[in-house]
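Note sheet for the following structure.
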Amino acid sequence: MNNPARFISSLVCVACLCAGTAIRADDPFATARQDMVREIEADVRMTSRQLDREVLDPRVMQAMATVPRHALVPESHRNAAYENRPLPIGHGQTISQPYIVAIMTDLLKVTAASRVLEVGTGSGYQAAILAELVDQVYTIEIIEALGKRARRDLEALDYENITVRIGDGYYGWEEQAPFDAIVVTAAASHIPPPLIQQLKKGGRMIVPVGSRFMVQQLVLVEKDTQGEVVTRQILPVRFVPLTGTH
Amino acid sequence: MTSSGTLERPPLISISLVSAAALAYEILLMRLFSIIQWHHFAYMIISLALLGYGASGTFISLARPWLLAHFPGAYRINLALFGLSSVACTLAAQQVPLNAEEILWDWHQALYLLAVYLLLALPFLFAANAVALALTRYRQAIARVYAADLLGAGLGSLGIVLLLFAVFPGTALKLLGTLGLLASLVAASELQGPRAHGLAGTVLAAVLLLALPAEWLTPQPSPYKTMSQTLRIGGARVIEQRSSPLGLISVVESPRVPLRHAPGLSLQSSAPLPAQLGVFTDADGLTAINHNPQGETLAYLDDLTSALPYYLAELQRVLVLGAGAGADVQQALNHGVQRIDAVELNPQLIELVRKDHADWAGHLYDHPAVRIHRGEARGFIRRSRGSYDLVQITLLDAFGASSSGLHALNESYLYTVEALQDYLARVAPGGYLAISRWIKLPPRDTLKLLATAVRALRESGIEDPGKRLVLIRGWQTSTLLIKNGVFSTDEITRLQDFCLTRAFDTAWYPGMPADAANRVNVFTQAYFYQAAAALTGARDATFMERYKFDITPATDDRPYFFHFFKWEVLPEILALRGQGGLPLLEAGYLVLVTTLLQALVLSSVLILLPLVVLRSSQDEPASAARPSRVVLYFFAIGLAFLFIEIAFIQKFILFLHHPLYAVAIVLTAFLLFAGAGSAWTARRQAHPSPTQHATARAVSGIAVFGLLYLLLLDPVFTALLHLPVVIRILVAIVLIAPLAFFMGMPFPLGLARLAAVRPALVPWAWGINGCASVLSAVLATLLAIQFGFTAVIITALLLYVLAALVMH
């Protein structure tokens, strides 16, 4: 557990962090964002057994350290933007807890070349994190007002590699399919089968399950190279339900 | 003006009216806040608002001389203020942007919560002030005043249930407000000498209340409730609403973006979903009416875990418990079942499918193979003589007594050991009982169900329950089958095929190898298989003890299927707060405990405050009635009264079968007969005997009937279960009458004695009783969760004995 790899990765993270903050030295939220990243790192270490890793992908952590979360939350909640908690963004929707966003992004295992679909744009924060990691992000929002706001905010942040569509995400994005990674933040009562069809062989889909303010579990859908689908149900927290088992 | 002549008549009619309105208002608030918020929080808010009763004791204790000097005006104003504030404060409370889910992060939410408490406590404060003033003013007629209060409350509880069938909650609110104003007008005439402008003002206020536009009064559900979320979709709208004490049903159509409700649908499913109308209860709990005008086979229903039994055997007769909008019925029709009995509790839901949207639903409930029954699942099955190849219960969560507004008890008699035995008694040899549940991570209710099934089988004399159980799961739902017989190898092969083609996992079947578990929907461990292996074997007790959630079987005496909380896990979960650990908290129980703690603190303040102030005043000899004895007496009977009422409501639910009728009838009967008991003590004051003797007699009566019922109710209920509901209601009333009659006595006896020796403490005693009642409702639930309702009744009887001893 306490292997050197962990420390090396942490060092990488800190280095990335410094790079991130250097770029935006004029950013009044830089310190808060840095604190948030540290908190996430500490939480991940505590939950390593459930997540099956000691640290998250340094690229993900760099993205977390870069994306100006405060610019994607409503004015009234800007001061709380970097607290490790979900925030209301209007229209009965929330921006997810940063810790959960980091884990979900990490689980997708994207590379720069990955083609990514997000169903449920919301604030646009998850899309922005992904856009730091991949060349192109496609995101669909069903609530028109939210979709327009996210599009505007993401444009203001110069995210040119995010395409926001306003509409029904159930059938995915046929023209851009198949995808290496899909995030479904606005799940219906079930995982839409068309989305599974639009997942590439070897692709991964992540579905947070729970209420707007509390993610109970993450469902990771993996399609293997044969096209067989397996789901993994992940509790994003260090908790073993039976005492005495490890 | 501090003494009362015996010739003066207390304003009994207005007291009854305001008590009726206040009790009705309490139940209505529960209804309104169940629509706006979530049930548990509604319960907490209203419990604490009821401390307005305790606060009235404090207030009147402190302002007694002035209030008594201005009695008629003060009394009438409190009645009118109840009327006005019941509407105004409810509307104001709805404007507070309270979001219960955020409370652990956002300190503003605590302030919002406090604001809601205070706002909603006001109407109760005014109503209680009126009654307490009357009790204080008419010292010679305490028993009659209290009887009027109880009779009014009894009528109010029955009245509101009837009213909620007739009108929407918003309309009911303004009618109750008007009733408060009417009480004030009646009081003016009862007390003689109303001033004309006061009268005119009250009438004007009543007219204004009645003229309030409906949209102001319509409760707005929290934006985070499922229906609010659905209505954000472009084009989605509510096309129909129906309201009853069972809930507000809203039918939602979404023509542009189809609704797609298919919980637990296989990831492999390629079957198209039909168009659907969404049906929400209290803006939550979505079910869907499928568009199926031609009555065709809906293939998607075969891609749910609940379809399993149809793939194991040919089924001729199926019983669906909790038919809802009809998905399970359609699933049975898909497989050509010839005889389907479907039971649904909410008649309005049946009407929607059967009448309003009959063409849309393809006349599903009028299909020749389908018989739809209005009723409660457990009651139906107990009275049924039928025998079924399949008894199906899919994702059905019980309607608790709670929904009608009395307590946050999430009792469920659907999933107790006795319930499963009842269901199994109706399963034909070789047939199945199939129960589908949502999957939680870490697993909770599926495991509790499994443990309950194992116990039910063992108690029925089955030595190896594991051979009669199979459990499968998708990523979202699980289905447990309990067979009336042993599963054959052929059935197990079919089961494996069913799961394989739908990407479901087998979690248990007889002879299942460990490596067959946890293959497609993978958990970090094979939780379900491990649990099933342990629970069906000899290690079941150890497993349940070591599991971090309470999965011990629910029973009829402790009907808390949804209670999973274990105290020892609390520190661990709280430490995980930042990492998304909060969903592990079983909030319902904690809300109860939090409610109790808040109520304890507030009650202590309310009870101690007048004592501190009154002690400094030298108007009466302190030795006449020691405050500690007064507290003990009124606290004990306050706790005990509601303990018994709540526990017997639970007992009678199983007899009357319908939670709503049981609650309404039992509560009304308790209050009415207690009122009669109180009135009886008033009559007896003409031939006074020492109060302590009368109290001892009353307590003896309570103890005798209480113990008798503890021993006899269950066998009596079993013997009379076959009788028609009207007869059973009469039996229930006859049984409640003597017990309640005696229970109505200790309070007026104690108060009358206090009024004789130390009248300044009368409002204080009223306040203590009010606080105790609030605590009692919460404590009763906590006790029942831990020890069962029998223990609640025994505790109550001991408290009554304690009160009698204190009186001596």
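Ordering of the structure tokens sets the chain letters (A, B, ...); residue numbers start at 1 within each chain; ligands are numbered from 1 in the order shown.
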
- Hey, what's within 9 Å of Ile768 (chain B) if we count only C-alpha atoms and toss same-chain stuff fewer than 4 positions away? As a PyMOL selection string, please? chain B and resi 53-54+57-58+603+606-607+630-631+634-635+638+763-764+772-773

As an mmCIF file with N, CA, C and O atoms, in the first residue's frame, please: the residues near Leu639 (chain B) (cut-off 10 Å, only C-alpha atoms, same-chain neighbours under 3 positions excluded).
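Output saved as around_29.cif:
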```
data_model
loop_
_atom_site.group_PDB
_atom_site.id
_atom_site.type_symbol
_atom_site.label_atom_id
_atom_site.label_comp_id
_atom_site.auth_asym_id
_atom_site.auth_seq_id
_atom_site.Cartn_x
_atom_site.Cartn_y
_atom_site.Cartn_z
ATOM 1 N N PHE B 634 -48.491 14.997 35.215
ATOM 2 C CA PHE B 634 -48.997 15.376 33.896
ATOM 3 C C PHE B 634 -48.094 14.886 32.769
ATOM 4 O O PHE B 634 -48.537 14.614 31.663
ATOM 5 N N PHE B 635 -46.819 14.760 33.066
ATOM 6 C CA PHE B 635 -45.910 14.218 32.063
ATOM 7 C C PHE B 635 -46.207 12.740 31.826
ATOM 8 O O PHE B 635 -46.289 12.277 30.694
ATOM 9 N N ALA B 636 -46.404 12.029 32.922
ATOM 10 C CA ALA B 636 -46.653 10.579 32.800
ATOM 11 C C ALA B 636 -47.942 10.311 32.029
ATOM 12 O O ALA B 636 -47.965 9.492 31.101
ATOM 13 N N LEU B 642 -50.772 8.951 24.606
ATOM 14 C CA LEU B 642 -50.420 8.768 23.184
ATOM 15 C C LEU B 642 -49.731 7.431 22.922
ATOM 16 O O LEU B 642 -49.884 6.860 21.847
ATOM 17 N N PHE B 643 -48.975 6.952 23.896
ATOM 18 C CA PHE B 643 -48.365 5.621 23.728
ATOM 19 C C PHE B 643 -49.456 4.604 23.404
ATOM 20 O O PHE B 643 -49.355 3.828 22.459
ATOM 21 N N ILE B 644 -50.503 4.617 24.227
ATOM 22 C CA ILE B 644 -51.555 3.622 24.040
ATOM 23 C C ILE B 644 -52.293 3.867 22.735
ATOM 24 O O ILE B 644 -52.548 2.945 21.955
ATOM 25 N N ASN B 769 -48.499 18.735 29.723
ATOM 26 C CA ASN B 769 -49.203 17.683 28.993
ATOM 27 C C ASN B 769 -48.966 17.812 27.483
ATOM 28 O O ASN B 769 -48.758 16.825 26.783
ATOM 29 N N GLY B 770 -48.970 19.051 26.992
ATOM 30 C CA GLY B 770 -48.738 19.297 25.562
ATOM 31 C C GLY B 770 -47.344 18.843 25.151
ATOM 32 O O GLY B 770 -47.161 18.167 24.141
ATOM 33 N N CYS B 771 -46.349 19.237 25.946
ATOM 34 C CA CYS B 771 -44.966 18.847 25.629
ATOM 35 C C CYS B 771 -44.828 17.321 25.657
ATOM 36 O O CYS B 771 -44.194 16.724 24.787
ATOM 37 N N ALA B 772 -45.428 16.717 26.676
ATOM 38 C CA ALA B 772 -45.321 15.264 26.807
ATOM 39 C C ALA B 772 -45.935 14.563 25.598
ATOM 40 O O ALA B 772 -45.417 13.544 25.130
ATOM 41 N N SER B 773 -47.021 15.128 25.085
ATOM 42 C CA SER B 773 -47.662 14.493 23.929
ATOM 43 C C SER B 773 -46.740 14.493 22.716
ATOM 44 O O SER B 773 -46.666 13.516 21.974
ATOM 45 N N VAL B 774 -46.056 15.625 22.517
ATOM 46 C CA VAL B 774 -45.137 15.696 21.372
ATOM 47 C C VAL B 774 -44.027 14.660 21.531
ATOM 48 O O VAL B 774 -43.715 13.902 20.612
ATOM 49 N N LEU B 775 -43.448 14.628 22.728
ATOM 50 C CA LEU B 775 -42.367 13.666 22.976
ATOM 51 C C LEU B 775 -42.876 12.237 22.839
ATOM 52 O O LEU B 775 -42.189 11.362 22.336
ATOM 53 N N SER B 776 -44.101 12.046 23.292
ATOM 54 C CA SER B 776 -44.668 10.709 23.309
ATOM 55 C C SER B 776 -44.752 10.087 21.923
ATOM 56 O O SER B 776 -44.392 8.926 21.724
ATOM 57 N N ALA B 777 -45.214 10.890 20.962
ATOM 58 C CA ALA B 777 -45.382 10.351 19.614
ATOM 59 C C ALA B 777 -44.045 9.856 19.071
ATOM 60 O O ALA B 777 -43.952 8.800 18.448
ATOM 61 N N LEU B 779 -41.255 9.154 20.896
ATOM 62 C CA LEU B 779 -40.739 8.073 21.740
ATOM 63 C C LEU B 779 -41.416 6.737 21.443
ATOM 64 O O LEU B 779 -40.776 5.699 21.447
ATOM 65 N N ALA B 780 -42.716 6.798 21.210
ATOM 66 C CA ALA B 780 -43.451 5.563 20.930
ATOM 67 C C ALA B 780 -42.831 4.852 19.739
ATOM 68 O O ALA B 780 -42.627 3.632 19.759
ATOM 69 N N THR B 795 -45.239 -0.112 28.784
ATOM 70 C CA THR B 795 -44.653 1.121 29.336
ATOM 71 C C THR B 795 -45.755 2.117 29.692
ATOM 72 O O THR B 795 -45.719 2.756 30.752
ATOM 73 N N ALA B 796 -46.727 2.252 28.796
ATOM 74 C CA ALA B 796 -47.805 3.206 29.036
ATOM 75 C C ALA B 796 -48.579 2.834 30.300
ATOM 76 O O ALA B 796 -48.893 3.696 31.128
ATOM 77 N N LEU B 799 -46.689 3.814 33.264
ATOM 78 C CA LEU B 799 -46.730 5.268 33.463
ATOM 79 C C LEU B 799 -48.027 5.691 34.139
ATOM 80 O O LEU B 799 -48.041 6.579 34.996
ATOM 81 N N TYR B 800 -49.131 5.051 33.754
ATOM 82 C CA TYR B 800 -50.411 5.377 34.398
ATOM 83 C C TYR B 800 -50.370 5.009 35.882
ATOM 84 O O TYR B 800 -50.854 5.750 36.740
#
```

- Any idea which chain B residues end up within 9 Å of chain A if we count only C-alpha atoms, as a ChimeraX atom specification please? /B:101-102,105,222-225,228-229,232-234,257,259-270,440-443,475-476,503,519-524,527,543,546-549,572-573,576,578-584

- Item | Pick from A:Ile166, A:Leu199, A:Met61, A:Ala112, whichever lies nearest to Val137 (chain A) using only C-alpha atoms | A:Ala112

- Task: Find the residues near region 170-176 of chain B: any atom within 7 Å, counting only C-alpha atoms, skip ones fewer than 5 places away on the same chain, and give them as a ChimeraX atom specification.
- Result: /B:21,25,87,163-164,209-210,214,217-218

- Query: Which residue, B:Asp359, B:Glu296, B:Asp714, B:Glu376, has the smallest gap to Ala342 (chain B) when you use only C-alpha atoms?
  - Reply: B:Glu376

- Message: as an NGL selection string, please: every residue in region 80-219 of chain A that a backbone DSSP assignment puts in strand (DSSP E).
- Response: :A and (87-90 or 93-95 or 115-119 or 136-141 or 162-166 or 179-184 or 199-210 or 215-219)

Would you export the selected residues with C-alpha atoms as an mmCIF file, in the first residue's frame, please?
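Everything below was put into selection.cif:
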```cif
data_model
loop_
_atom_site.group_PDB
_atom_site.id
_atom_site.type_symbol
_atom_site.label_atom_id
_atom_site.label_comp_id
_atom_site.auth_asym_id
_atom_site.auth_seq_id
_atom_site.Cartn_x
_atom_site.Cartn_y
_atom_site.Cartn_z
ATOM 1 C CA LEU A 87 -24.410 23.160 -4.970
ATOM 2 C CA PRO A 88 -27.792 24.095 -6.378
ATOM 3 C CA ILE A 89 -27.613 25.697 -9.822
ATOM 4 C CA GLY A 90 -31.302 26.441 -10.317
ATOM 5 C CA GLN A 93 -30.404 20.793 -10.674
ATOM 6 C CA THR A 94 -27.053 20.708 -8.917
ATOM 7 C CA ILE A 95 -23.388 20.884 -9.710
ATOM 8 C CA ARG A 115 -14.548 10.672 -28.018
ATOM 9 C CA VAL A 116 -16.749 11.550 -25.079
ATOM 10 C CA LEU A 117 -20.489 11.971 -24.684
ATOM 11 C CA GLU A 118 -22.174 13.491 -21.661
ATOM 12 C CA VAL A 119 -25.917 13.221 -21.083
ATOM 13 C CA GLN A 136 -13.751 16.699 -28.188
ATOM 14 C CA VAL A 137 -16.667 16.530 -25.759
ATOM 15 C CA TYR A 138 -20.303 16.202 -26.831
ATOM 16 C CA THR A 139 -22.861 17.073 -24.241
ATOM 17 C CA ILE A 140 -26.659 17.053 -24.257
ATOM 18 C CA GLU A 141 -28.942 18.951 -21.893
ATOM 19 C CA ILE A 162 -17.258 21.230 -26.142
ATOM 20 C CA THR A 163 -20.405 20.980 -28.219
ATOM 21 C CA VAL A 164 -23.607 21.544 -26.273
ATOM 22 C CA ARG A 165 -26.851 20.257 -27.711
ATOM 23 C CA ILE A 166 -30.231 20.954 -26.211
ATOM 24 C CA PHE A 179 -17.991 6.866 -28.004
ATOM 25 C CA ASP A 180 -15.052 5.800 -25.907
ATOM 26 C CA ALA A 181 -16.639 7.224 -22.824
ATOM 27 C CA ILE A 182 -20.152 8.261 -21.814
ATOM 28 C CA VAL A 183 -21.277 10.060 -18.671
ATOM 29 C CA VAL A 184 -24.974 9.884 -17.843
ATOM 30 C CA LEU A 199 -20.474 2.736 -26.541
ATOM 31 C CA LYS A 200 -17.378 1.537 -28.388
ATOM 32 C CA LYS A 201 -15.988 -1.894 -27.713
ATOM 33 C CA GLY A 202 -13.607 -1.368 -24.818
ATOM 34 C CA GLY A 203 -15.522 1.795 -23.898
ATOM 35 C CA ARG A 204 -16.727 2.872 -20.456
ATOM 36 C CA MET A 205 -19.870 4.536 -19.261
ATOM 37 C CA ILE A 206 -20.413 6.021 -15.828
ATOM 38 C CA VAL A 207 -23.797 6.604 -14.215
ATOM 39 C CA PRO A 208 -24.102 8.247 -10.796
ATOM 40 C CA VAL A 209 -27.118 6.940 -8.895
ATOM 41 C CA GLY A 210 -28.848 8.778 -6.070
ATOM 42 C CA VAL A 215 -24.684 10.282 -5.014
ATOM 43 C CA GLN A 216 -25.238 6.844 -3.558
ATOM 44 C CA GLN A 217 -23.179 4.815 -5.932
ATOM 45 C CA LEU A 218 -21.507 4.944 -9.287
ATOM 46 C CA VAL A 219 -22.421 2.404 -11.901
#
```
